[in-house]
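A.B. asks: Below is the file start-v1.cif, which contains mmCIF, C-alpha atoms.
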```
data_protein
#
loop_
_atom_site.label_atom_id
_atom_site.label_comp_id
_atom_site.auth_asym_id
_atom_site.auth_seq_id
_atom_site.Cartn_x
_atom_site.Cartn_y
_atom_site.Cartn_z
CA MET A 1 115.42 22.87 -60.46
CA THR A 2 114.31 20.82 -57.49
CA ALA A 3 113.48 22.79 -54.34
CA ARG A 4 115.75 22.40 -51.34
CA LEU A 5 114.97 19.88 -48.62
CA THR A 6 112.64 21.26 -45.96
CA PRO A 7 113.82 21.34 -42.34
CA GLU A 8 111.51 18.38 -41.68
CA GLN A 9 113.02 16.40 -44.51
CA ILE A 10 116.52 17.18 -43.29
CA GLU A 11 115.49 15.84 -39.90
CA ARG A 12 113.79 12.79 -41.39
CA TYR A 13 116.78 11.81 -43.51
CA SER A 14 119.46 13.12 -41.14
CA ARG A 15 120.81 9.69 -40.29
CA GLN A 16 121.59 8.90 -43.93
CA ILE A 17 122.63 12.43 -44.86
CA LEU A 18 125.31 12.02 -42.21
CA VAL A 19 126.82 9.04 -44.02
CA PRO A 20 129.92 10.34 -45.83
CA ASP A 21 129.18 8.42 -49.04
CA LEU A 22 125.67 9.86 -49.12
CA GLY A 23 125.08 13.39 -47.83
CA GLY A 24 122.58 15.96 -49.02
CA THR A 25 123.48 15.37 -52.67
CA ALA A 26 122.46 11.74 -52.41
CA GLN A 27 119.20 12.81 -50.83
CA MET A 28 118.44 15.05 -53.79
CA HIS A 29 119.19 12.19 -56.19
CA LEU A 30 116.85 9.95 -54.20
CA ARG A 31 114.10 12.51 -54.34
CA GLU A 32 114.40 12.81 -58.10
CA ALA A 33 114.48 9.06 -58.60
CA ARG A 34 111.74 6.77 -59.83
CA VAL A 35 111.96 3.11 -58.85
CA LEU A 36 109.59 0.35 -59.93
CA VAL A 37 109.05 -2.60 -57.59
CA ILE A 38 107.59 -5.62 -59.31
CA GLY A 39 105.61 -7.62 -56.79
CA ALA A 40 104.39 -6.44 -53.40
CA GLY A 41 105.22 -9.80 -51.87
CA GLY A 42 108.11 -11.47 -50.12
CA LEU A 43 110.87 -9.56 -51.87
CA GLY A 44 108.88 -6.46 -52.78
CA SER A 45 107.77 -5.81 -49.19
CA PRO A 46 111.17 -5.18 -47.62
CA ALA A 47 112.43 -3.51 -50.80
CA ALA A 48 109.51 -1.09 -50.93
CA PHE A 49 109.77 -0.35 -47.20
CA TYR A 50 113.41 0.64 -47.36
CA LEU A 51 113.06 2.55 -50.61
CA ALA A 52 110.19 4.58 -49.17
CA ALA A 53 112.06 5.11 -45.91
CA ALA A 54 115.06 6.40 -47.81
CA GLY A 55 112.98 9.00 -49.61
CA ILE A 56 112.73 7.77 -53.18
CA GLY A 57 110.72 10.37 -55.10
CA THR A 58 108.40 8.02 -56.94
CA LEU A 59 107.84 4.39 -56.09
CA GLY A 60 105.87 2.31 -58.57
CA ILE A 61 104.39 -0.93 -57.26
CA ILE A 62 102.86 -3.49 -59.57
CA ASP A 63 101.04 -6.57 -58.31
CA PRO A 64 97.76 -8.17 -59.45
CA ASP A 65 97.10 -10.08 -56.23
CA HIS A 66 94.90 -9.79 -53.18
CA ILE A 67 96.27 -10.49 -49.72
CA GLU A 68 95.91 -14.00 -48.33
CA LEU A 69 96.62 -15.33 -44.84
CA SER A 70 99.55 -17.45 -46.01
CA ASN A 71 101.25 -14.33 -47.37
CA LEU A 72 101.69 -12.78 -43.94
CA GLN A 73 104.64 -14.88 -42.76
CA ARG A 74 106.78 -12.95 -45.24
CA GLN A 75 104.89 -10.19 -47.03
CA ILE A 76 105.40 -7.66 -44.29
CA LEU A 77 103.88 -4.71 -46.15
CA HIS A 78 100.49 -6.23 -45.32
CA ALA A 79 98.61 -6.97 -42.12
CA THR A 80 95.88 -9.36 -40.94
CA LYS A 81 93.23 -6.65 -41.28
CA ASN A 82 94.16 -6.25 -44.95
CA ILE A 83 93.34 -9.83 -45.95
CA GLY A 84 91.26 -9.70 -49.11
CA GLN A 85 92.49 -6.26 -50.18
CA ARG A 86 94.60 -5.61 -53.22
CA LYS A 87 98.28 -5.77 -52.31
CA VAL A 88 99.08 -2.50 -54.07
CA GLU A 89 96.44 -0.66 -52.04
CA SER A 90 97.66 -2.03 -48.74
CA ALA A 91 101.22 -1.22 -49.79
CA LYS A 92 100.35 2.33 -50.73
CA ALA A 93 98.62 2.98 -47.42
CA ILE A 94 101.41 1.73 -45.21
CA LEU A 95 104.22 3.26 -47.23
CA THR A 96 102.46 6.63 -47.26
CA ASP A 97 102.16 6.42 -43.46
CA LEU A 98 105.86 5.69 -43.22
CA ASN A 99 106.87 8.49 -45.56
CA PRO A 100 104.35 10.91 -47.06
CA ASP A 101 107.14 12.44 -49.19
CA VAL A 102 107.09 9.46 -51.54
CA GLU A 103 104.71 9.44 -54.47
CA ILE A 104 103.37 5.89 -54.71
CA LYS A 105 102.06 4.81 -58.11
CA THR A 106 100.11 1.58 -58.07
CA TYR A 107 99.45 -0.84 -60.90
CA PRO A 108 96.88 -3.44 -59.76
CA PHE A 109 97.61 -5.88 -62.55
CA ARG A 110 100.29 -8.28 -63.74
CA PHE A 111 103.52 -7.01 -65.29
CA ASP A 112 103.49 -8.80 -68.61
CA ALA A 113 104.55 -8.50 -72.22
CA SER A 114 101.53 -6.32 -73.05
CA ASN A 115 102.49 -3.54 -70.64
CA ALA A 116 106.08 -4.10 -69.50
CA ALA A 117 107.87 -1.71 -71.82
CA GLU A 118 105.41 1.11 -71.35
CA ILE A 119 105.44 0.87 -67.56
CA ALA A 120 109.16 0.25 -67.08
CA ALA A 121 110.14 3.12 -69.36
CA ASP A 122 108.94 5.55 -66.71
CA TYR A 123 111.50 4.40 -64.16
CA HIS A 124 115.21 4.74 -63.45
CA PHE A 125 115.64 1.38 -61.73
CA VAL A 126 113.59 -1.78 -61.38
CA VAL A 127 113.47 -4.13 -58.40
CA ASP A 128 112.32 -7.53 -59.57
CA GLY A 129 110.39 -9.03 -56.68
CA SER A 130 108.43 -11.36 -58.92
CA ASP A 131 107.73 -14.97 -58.06
CA ASN A 132 107.94 -16.74 -61.41
CA PHE A 133 110.41 -17.28 -64.21
CA ASP A 134 108.29 -15.82 -67.00
CA THR A 135 108.32 -12.44 -65.26
CA LYS A 136 111.99 -12.68 -64.36
CA PHE A 137 113.04 -13.26 -67.92
CA LEU A 138 110.62 -10.58 -69.14
CA VAL A 139 112.04 -8.06 -66.68
CA ASN A 140 115.51 -8.86 -67.92
CA ASP A 141 114.66 -8.62 -71.59
CA ILE A 142 112.71 -5.37 -71.26
CA ALA A 143 115.25 -3.75 -68.97
CA VAL A 144 118.09 -4.66 -71.30
CA ARG A 145 116.15 -3.36 -74.31
CA LEU A 146 115.29 -0.09 -72.56
CA GLY A 147 118.66 0.28 -70.86
CA ILE A 148 117.19 0.34 -67.34
CA PRO A 149 119.28 -1.16 -64.51
CA PHE A 150 117.57 -3.66 -62.29
CA SER A 151 118.01 -5.97 -59.35
CA HIS A 152 117.19 -9.64 -59.87
CA ALA A 153 116.47 -11.97 -56.95
CA GLY A 154 115.08 -15.44 -56.40
CA ILE A 155 114.33 -17.27 -53.17
CA VAL A 156 113.19 -20.68 -51.97
CA ARG A 157 113.25 -22.39 -48.56
CA LEU A 158 116.39 -21.18 -46.83
CA GLN A 159 118.22 -19.98 -49.91
CA GLY A 160 118.35 -16.94 -52.12
CA GLN A 161 120.23 -15.50 -55.04
CA THR A 162 120.58 -11.93 -56.26
CA MET A 163 122.40 -9.97 -58.94
CA THR A 164 122.26 -6.41 -60.25
CA VAL A 165 122.21 -5.75 -63.99
CA VAL A 166 123.33 -2.52 -65.64
CA PRO A 167 122.42 -3.02 -69.32
CA GLY A 168 125.23 -2.33 -71.72
CA LYS A 169 127.80 -2.64 -68.94
CA SER A 170 127.30 -5.85 -67.00
CA ALA A 171 126.07 -9.37 -67.54
CA CYS A 172 122.34 -9.79 -67.72
CA TYR A 173 120.13 -12.52 -66.28
CA ARG A 174 120.20 -14.45 -69.56
CA CYS A 175 124.01 -14.37 -69.58
CA LEU A 176 123.64 -16.30 -66.33
CA PHE A 177 120.72 -18.58 -67.17
CA GLN A 178 119.70 -18.75 -70.82
CA ALA A 179 116.24 -20.14 -70.22
CA PRO A 180 113.91 -21.17 -67.39
CA PRO A 181 113.41 -24.72 -66.13
CA PRO A 182 110.43 -26.62 -67.52
CA PRO A 183 107.30 -26.13 -65.36
CA GLU A 184 107.43 -29.58 -63.80
CA GLU A 185 110.85 -28.89 -62.33
CA ILE A 186 110.16 -25.57 -60.72
CA LEU A 187 110.33 -25.44 -56.95
CA ASN A 188 107.94 -22.75 -55.78
CA CYS A 189 107.13 -21.46 -52.31
CA GLN A 190 103.70 -23.03 -52.15
CA ALA A 191 105.17 -26.47 -52.79
CA SER A 192 108.49 -25.98 -51.08
CA GLY A 193 108.22 -23.17 -48.60
CA ILE A 194 110.21 -20.05 -47.78
CA LEU A 195 111.30 -18.45 -44.52
CA GLY A 196 110.13 -14.85 -44.34
CA ALA A 197 113.46 -13.58 -43.04
CA VAL A 198 115.23 -15.04 -46.09
CA ALA A 199 112.95 -13.03 -48.35
CA GLY A 200 113.62 -10.06 -46.10
CA THR A 201 117.37 -10.39 -46.47
CA LEU A 202 117.25 -10.54 -50.26
CA GLY A 203 114.64 -7.79 -50.68
CA THR A 204 116.69 -5.50 -48.47
CA ILE A 205 119.77 -6.15 -50.59
CA GLN A 206 117.71 -5.25 -53.64
CA ALA A 207 116.69 -1.92 -52.08
CA THR A 208 120.33 -1.29 -51.17
CA GLU A 209 121.40 -1.81 -54.77
CA ALA A 210 118.67 0.46 -56.10
CA ILE A 211 119.69 3.19 -53.68
CA LYS A 212 123.37 2.80 -54.52
CA TYR A 213 122.66 3.13 -58.21
CA ILE A 214 120.54 6.22 -57.67
CA VAL A 215 123.06 7.99 -55.46
CA ARG A 216 125.82 7.23 -58.00
CA LEU A 217 127.65 4.61 -55.90
CA GLU A 218 127.90 2.49 -59.01
CA ASP A 219 131.41 1.10 -58.60
CA GLY A 220 130.36 -1.26 -55.87
CA LEU A 221 127.17 -2.63 -57.41
CA LEU A 222 126.55 -6.37 -57.34
CA THR A 223 127.23 -6.70 -61.06
CA ASP A 224 128.84 -9.56 -62.98
CA ARG A 225 128.44 -11.72 -59.89
CA LEU A 226 125.61 -13.72 -58.40
CA LEU A 227 125.34 -13.53 -54.63
CA VAL A 228 124.16 -16.88 -53.31
CA TYR A 229 122.83 -16.83 -49.77
CA ASP A 230 122.42 -19.95 -47.66
CA ALA A 231 120.55 -19.01 -44.52
CA LYS A 232 120.99 -22.45 -43.00
CA THR A 233 124.74 -22.00 -42.72
CA LEU A 234 124.56 -18.21 -42.83
CA LYS A 235 127.02 -18.15 -45.68
CA PHE A 236 127.19 -15.81 -48.64
CA ARG A 237 129.05 -16.94 -51.73
CA GLU A 238 129.73 -15.11 -54.95
CA MET A 239 129.70 -16.79 -58.31
CA GLU A 240 131.19 -14.90 -61.23
CA VAL A 241 128.84 -14.10 -64.09
CA GLY A 242 130.49 -13.34 -67.39
CA ARG A 243 128.80 -11.34 -70.12
CA ASN A 244 127.88 -13.70 -72.91
CA PRO A 245 128.71 -12.09 -76.27
CA HIS A 246 126.09 -14.36 -77.88
CA CYS A 247 123.42 -13.62 -75.28
CA VAL A 248 120.00 -13.47 -76.95
CA SER A 249 119.11 -10.56 -74.72
CA CYS A 250 122.21 -8.39 -74.41
CA GLY A 251 124.66 -9.87 -76.91
CA ALA A 252 125.93 -8.07 -80.02
CA ALA A 253 123.38 -9.71 -82.31
CA ALA A 254 120.53 -8.76 -79.99
CA GLU A 255 121.71 -5.15 -79.71
CA SER A 256 121.65 -4.67 -83.44
CA LYS A 257 117.97 -5.65 -83.67
CA MET B 1 140.17 -36.41 -57.25
CA SER B 2 138.01 -35.98 -54.18
CA VAL B 3 136.15 -32.71 -54.13
CA ARG B 4 133.40 -31.02 -52.12
CA VAL B 5 130.18 -30.29 -53.96
CA ARG B 6 127.66 -27.75 -52.71
CA VAL B 7 124.14 -28.94 -53.39
CA PRO B 8 121.48 -26.29 -54.00
CA THR B 9 118.07 -26.48 -52.35
CA PRO B 10 116.23 -27.94 -55.39
CA LEU B 11 118.64 -30.92 -55.60
CA ARG B 12 118.76 -31.82 -51.91
CA LYS B 13 115.95 -34.33 -52.30
CA TYR B 14 118.48 -36.56 -54.08
CA THR B 15 121.13 -36.20 -51.36
CA GLN B 16 118.80 -36.88 -48.43
CA GLY B 17 118.88 -33.20 -47.54
CA ALA B 18 122.66 -32.85 -47.51
CA ASP B 19 123.79 -29.40 -48.63
CA GLU B 20 127.36 -30.48 -49.21
CA VAL B 21 128.66 -33.85 -50.37
CA ASN B 22 131.94 -35.46 -51.39
CA ALA B 23 132.44 -36.81 -54.87
CA ARG B 24 135.23 -37.92 -57.15
CA GLY B 25 136.20 -37.11 -60.70
CA SER B 26 139.13 -35.94 -62.80
CA ASN B 27 136.80 -33.51 -64.54
CA ILE B 28 133.24 -32.20 -64.25
CA ARG B 29 131.85 -34.86 -66.58
CA ALA B 30 133.27 -37.63 -64.39
CA LEU B 31 132.14 -35.82 -61.28
CA VAL B 32 128.53 -35.67 -62.46
CA ASP B 33 128.65 -39.39 -63.23
CA ASP B 34 130.00 -40.04 -59.75
CA LEU B 35 127.22 -37.94 -58.22
CA GLU B 36 124.70 -39.97 -60.19
CA LYS B 37 126.20 -43.21 -58.82
CA GLN B 38 125.87 -41.91 -55.26
CA TYR B 39 122.59 -40.06 -55.70
CA PRO B 40 120.55 -41.59 -58.52
CA GLY B 41 118.39 -39.14 -60.41
CA ILE B 42 120.58 -36.13 -59.76
CA LYS B 43 122.32 -36.18 -63.12
CA GLU B 44 119.24 -35.37 -65.17
CA ARG B 45 118.65 -32.29 -62.99
CA ILE B 46 122.08 -31.06 -64.01
CA CYS B 47 122.52 -32.32 -67.57
CA ASP B 48 120.10 -32.76 -70.44
CA ASP B 49 119.85 -35.93 -72.49
CA THR B 50 122.61 -34.81 -74.83
CA GLY B 51 124.87 -34.65 -71.78
CA LYS B 52 125.21 -30.82 -71.76
CA VAL B 53 124.61 -28.78 -68.61
CA ARG B 54 121.04 -27.52 -68.64
CA ARG B 55 120.38 -23.90 -69.51
CA PHE B 56 119.00 -22.98 -66.10
CA VAL B 57 121.88 -24.54 -64.16
CA ASN B 58 125.44 -23.33 -63.77
CA VAL B 59 128.39 -25.20 -62.36
CA TYR B 60 131.28 -23.42 -60.69
CA VAL B 61 134.74 -24.63 -59.75
CA ASN B 62 136.18 -22.49 -56.96
CA GLY B 63 133.79 -19.71 -57.95
CA ASP B 64 134.58 -19.86 -61.68
CA ASP B 65 131.82 -20.70 -64.15
CA ILE B 66 132.76 -23.83 -66.14
CA ARG B 67 131.33 -22.17 -69.27
CA PHE B 68 134.37 -19.91 -69.12
CA LEU B 69 136.69 -22.82 -68.45
CA GLN B 70 136.43 -26.10 -70.36
CA ASN B 71 132.77 -26.86 -69.61
CA LEU B 72 132.32 -30.52 -68.75
CA GLU B 73 135.97 -31.16 -69.56
CA THR B 74 137.09 -28.72 -66.86
CA SER B 75 139.65 -30.66 -64.88
CA LEU B 76 139.51 -30.93 -61.13
CA LYS B 77 142.14 -31.22 -58.46
CA GLU B 78 142.03 -32.51 -54.91
CA GLY B 79 140.20 -30.19 -52.60
CA ASP B 80 138.43 -28.17 -55.32
CA SER B 81 135.08 -26.72 -54.32
CA ILE B 82 132.24 -27.25 -56.78
CA SER B 83 128.96 -25.36 -56.65
CA ILE B 84 125.84 -26.28 -58.59
CA VAL B 85 123.64 -23.20 -58.94
CA PRO B 86 120.23 -23.48 -60.56
CA ALA B 87 117.89 -20.61 -61.29
CA ILE B 88 115.31 -20.12 -58.53
CA ALA B 89 112.23 -17.95 -58.54
CA GLY B 90 110.26 -18.74 -55.40
CA GLY B 91 106.57 -18.03 -55.88
CA ARG B 92 103.29 -18.05 -54.02
#
```
Could you show the structure in this file as structure tokens?
C.D. replies:
Amino acid sequence: MTARLTPEQIERYSRQILVPDLGGTAQMHLREARVLVIGAGGLGSPAAFYLAAAGIGTLGIIDPDHIELSNLQRQILHATKNIGQRKVESAKAILTDLNPDVEIKTYPFRFDASNAAEIAADYHFVVDGSDNFDTKFLVNDIAVRLGIPFSHAGIVRLQGQTMTVVPGKSACYRCLFQAPPPPEEILNCQASGILGAVAGTLGTIQATEAIKYIVRLEDGLLTDRLLVYDAKTLKFREMEVGRNPHCVSCGAAAESK
Amino acid sequence: MSVRVRVPTPLRKYTQGADEVNARGSNIRALVDDLEKQYPGIKERICDDTGKVRRFVNVYVNGDDIRFLQNLETSLKEGDSISIVPAIAGGR
């Protein structure tokens, strides 16, 4: 039985406790929740900030990288003085300052096939803030296999896409895109660029979805649809995503494996 | 049929940066061929060499995925809005 919120916690979270769809019950759910953020970068930074601010009980952050100067136009968890440090360490320090209630677990290595299942299994929801297709498809496949909901997002230049996946209920990332592009066709940030605020918008949506799932606001999740954001025209569009019964990740044949 | 086609960031190098273009076609197959006539090189970003839409690209007509319609044979009418949506992942 979880202890009641302290008077300080009630004060800290008062502005969200006041929200009719949230309340004290939501706050208890948040405190009992464990969310994994993959990547302490452009997407992971805003996501981790808002998850910590909201009072998630345990926030896992996995990232193998050290901070570089070119990260700082978007990776707002980190500061100039942190250049050269491990991203997970810098993240832990600043998030703990923001909200000491949150237990931050850091994994200073890459999320990959050798560790993905073991790490993810500890969490209730995963925020995919990764920056490459291999990880995105791995996150999908592991999350589907383990039955862990997650938020997918991808960004480049002035555009972003995001979708939430609830395994067993909604379409997964492979229902949407069966396989990644070949390496020579991939547009990445180093080659193509990204505006920090675009990453911020998408990462914040990812945190919102994680929070909604945790506080049981599941009806309105961004499932079975891909939100496509064009910052240049400030337009959001939704593309339907149907569950693929033959999906190699979540389809009937895959489930029976 | 003249339709509007939204061009995603990775394909804008073929359309001189345009994020929305006009094109003609009675169905998606014809539309892609028309896009190729106007913007050479764009077709192979959308379709593979067997002519099928590539696995990391989806095409939508008025928000509906053509895989749930008639794929490349999905017919178009005047004023339809087509979106080409490829997978993106950002990165370093």
A.B. asks: Tell me, in Å to one decimal, how far atom CA of A:Leu226 is from atom CA of B:Arg24.
C.D. replies: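 So the answer is 26.1 Å.
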A.B. asks: Please report, as a tab-separated table, each residue of chain B lying at most 10 Å from chain A, together with the nearest pair of atoms and the separation in Å rounded to one decimal; use only C-alpha atoms, and order rows by chain and ascending residue number.
C.D. replies:
```
residue	atom	partner	partner_atom	distance
B:Pro8	CA	A:Gln159	CA	8.2
B:Thr9	CA	A:Gln159	CA	6.9
B:Pro10	CA	A:Leu187	CA	6.6
B:Asp19	CA	A:Lys232	CA	9.4
B:Arg45	CA	A:Glu185	CA	8.5
B:Arg54	CA	A:Pro181	CA	8.5
B:Arg55	CA	A:Gln178	CA	5.4
B:Phe56	CA	A:Phe177	CA	4.8
B:Val57	CA	A:Phe177	CA	6.8
B:Asn58	CA	A:Phe177	CA	7.5
B:Val59	CA	A:Met239	CA	9.4
B:Tyr60	CA	A:Met239	CA	7.2
B:Val61	CA	A:Met239	CA	9.4
B:Asn62	CA	A:Met239	CA	8.7
B:Gly63	CA	A:Met239	CA	5.0
B:Asp64	CA	A:Glu240	CA	6.0
B:Asp65	CA	A:Glu240	CA	6.5
B:Arg67	CA	A:Gly242	CA	9.1
B:Phe68	CA	A:Gly242	CA	7.8
B:Ser83	CA	A:Met239	CA	8.8
B:Val85	CA	A:Val228	CA	8.5
B:Pro86	CA	A:Phe177	CA	8.2
B:Ala87	CA	A:Phe177	CA	6.8
B:Ile88	CA	A:Gly154	CA	5.1
B:Ala89	CA	A:Gly154	CA	4.4
B:Gly90	CA	A:Asn188	CA	4.6
B:Gly91	CA	A:Asp131	CA	3.9
B:Arg92	CA	A:Gln190	CA	5.3
```
A.B. asks: Provide the atom CA of B:Asn22 to atom CA of A:Val198 distance in Å, to one decimal place.
C.D. replies: 26.9 Å
A.B. asks: Enumerate, as a short mmCIF file (atom, residue, chain, number, x, y, z; two decimals) with C-alpha atoms, in the frame of the given file, the residues matched when the PyMOL selection byres ((chain B and resi 25) around 9) is run on the file above.
C.D. replies:
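File produced: expr-v9.cif:
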```cif
data_model
loop_
_atom_site.label_atom_id
_atom_site.label_comp_id
_atom_site.auth_asym_id
_atom_site.auth_seq_id
_atom_site.Cartn_x
_atom_site.Cartn_y
_atom_site.Cartn_z
CA MET B 1 140.17 -36.41 -57.25
CA SER B 2 138.01 -35.98 -54.18
CA VAL B 3 136.15 -32.71 -54.13
CA ALA B 23 132.44 -36.81 -54.87
CA ARG B 24 135.23 -37.92 -57.15
CA SER B 26 139.13 -35.94 -62.80
CA ASN B 27 136.80 -33.51 -64.54
CA ILE B 28 133.24 -32.20 -64.25
CA ARG B 29 131.85 -34.86 -66.58
CA ALA B 30 133.27 -37.63 -64.39
CA LEU B 31 132.14 -35.82 -61.28
CA VAL B 32 128.53 -35.67 -62.46
CA ASP B 33 128.65 -39.39 -63.23
CA ASP B 34 130.00 -40.04 -59.75
CA SER B 75 139.65 -30.66 -64.88
CA LEU B 76 139.51 -30.93 -61.13
CA LYS B 77 142.14 -31.22 -58.46
#
```
A.B. asks: Name the residues that the PyMOL selection byres ((chain A and resi 22) around 12) pulls out of this structure, and write them as a PyMOL selection string.
C.D. replies: chain A and resi 13-21+23-30+54+211-217
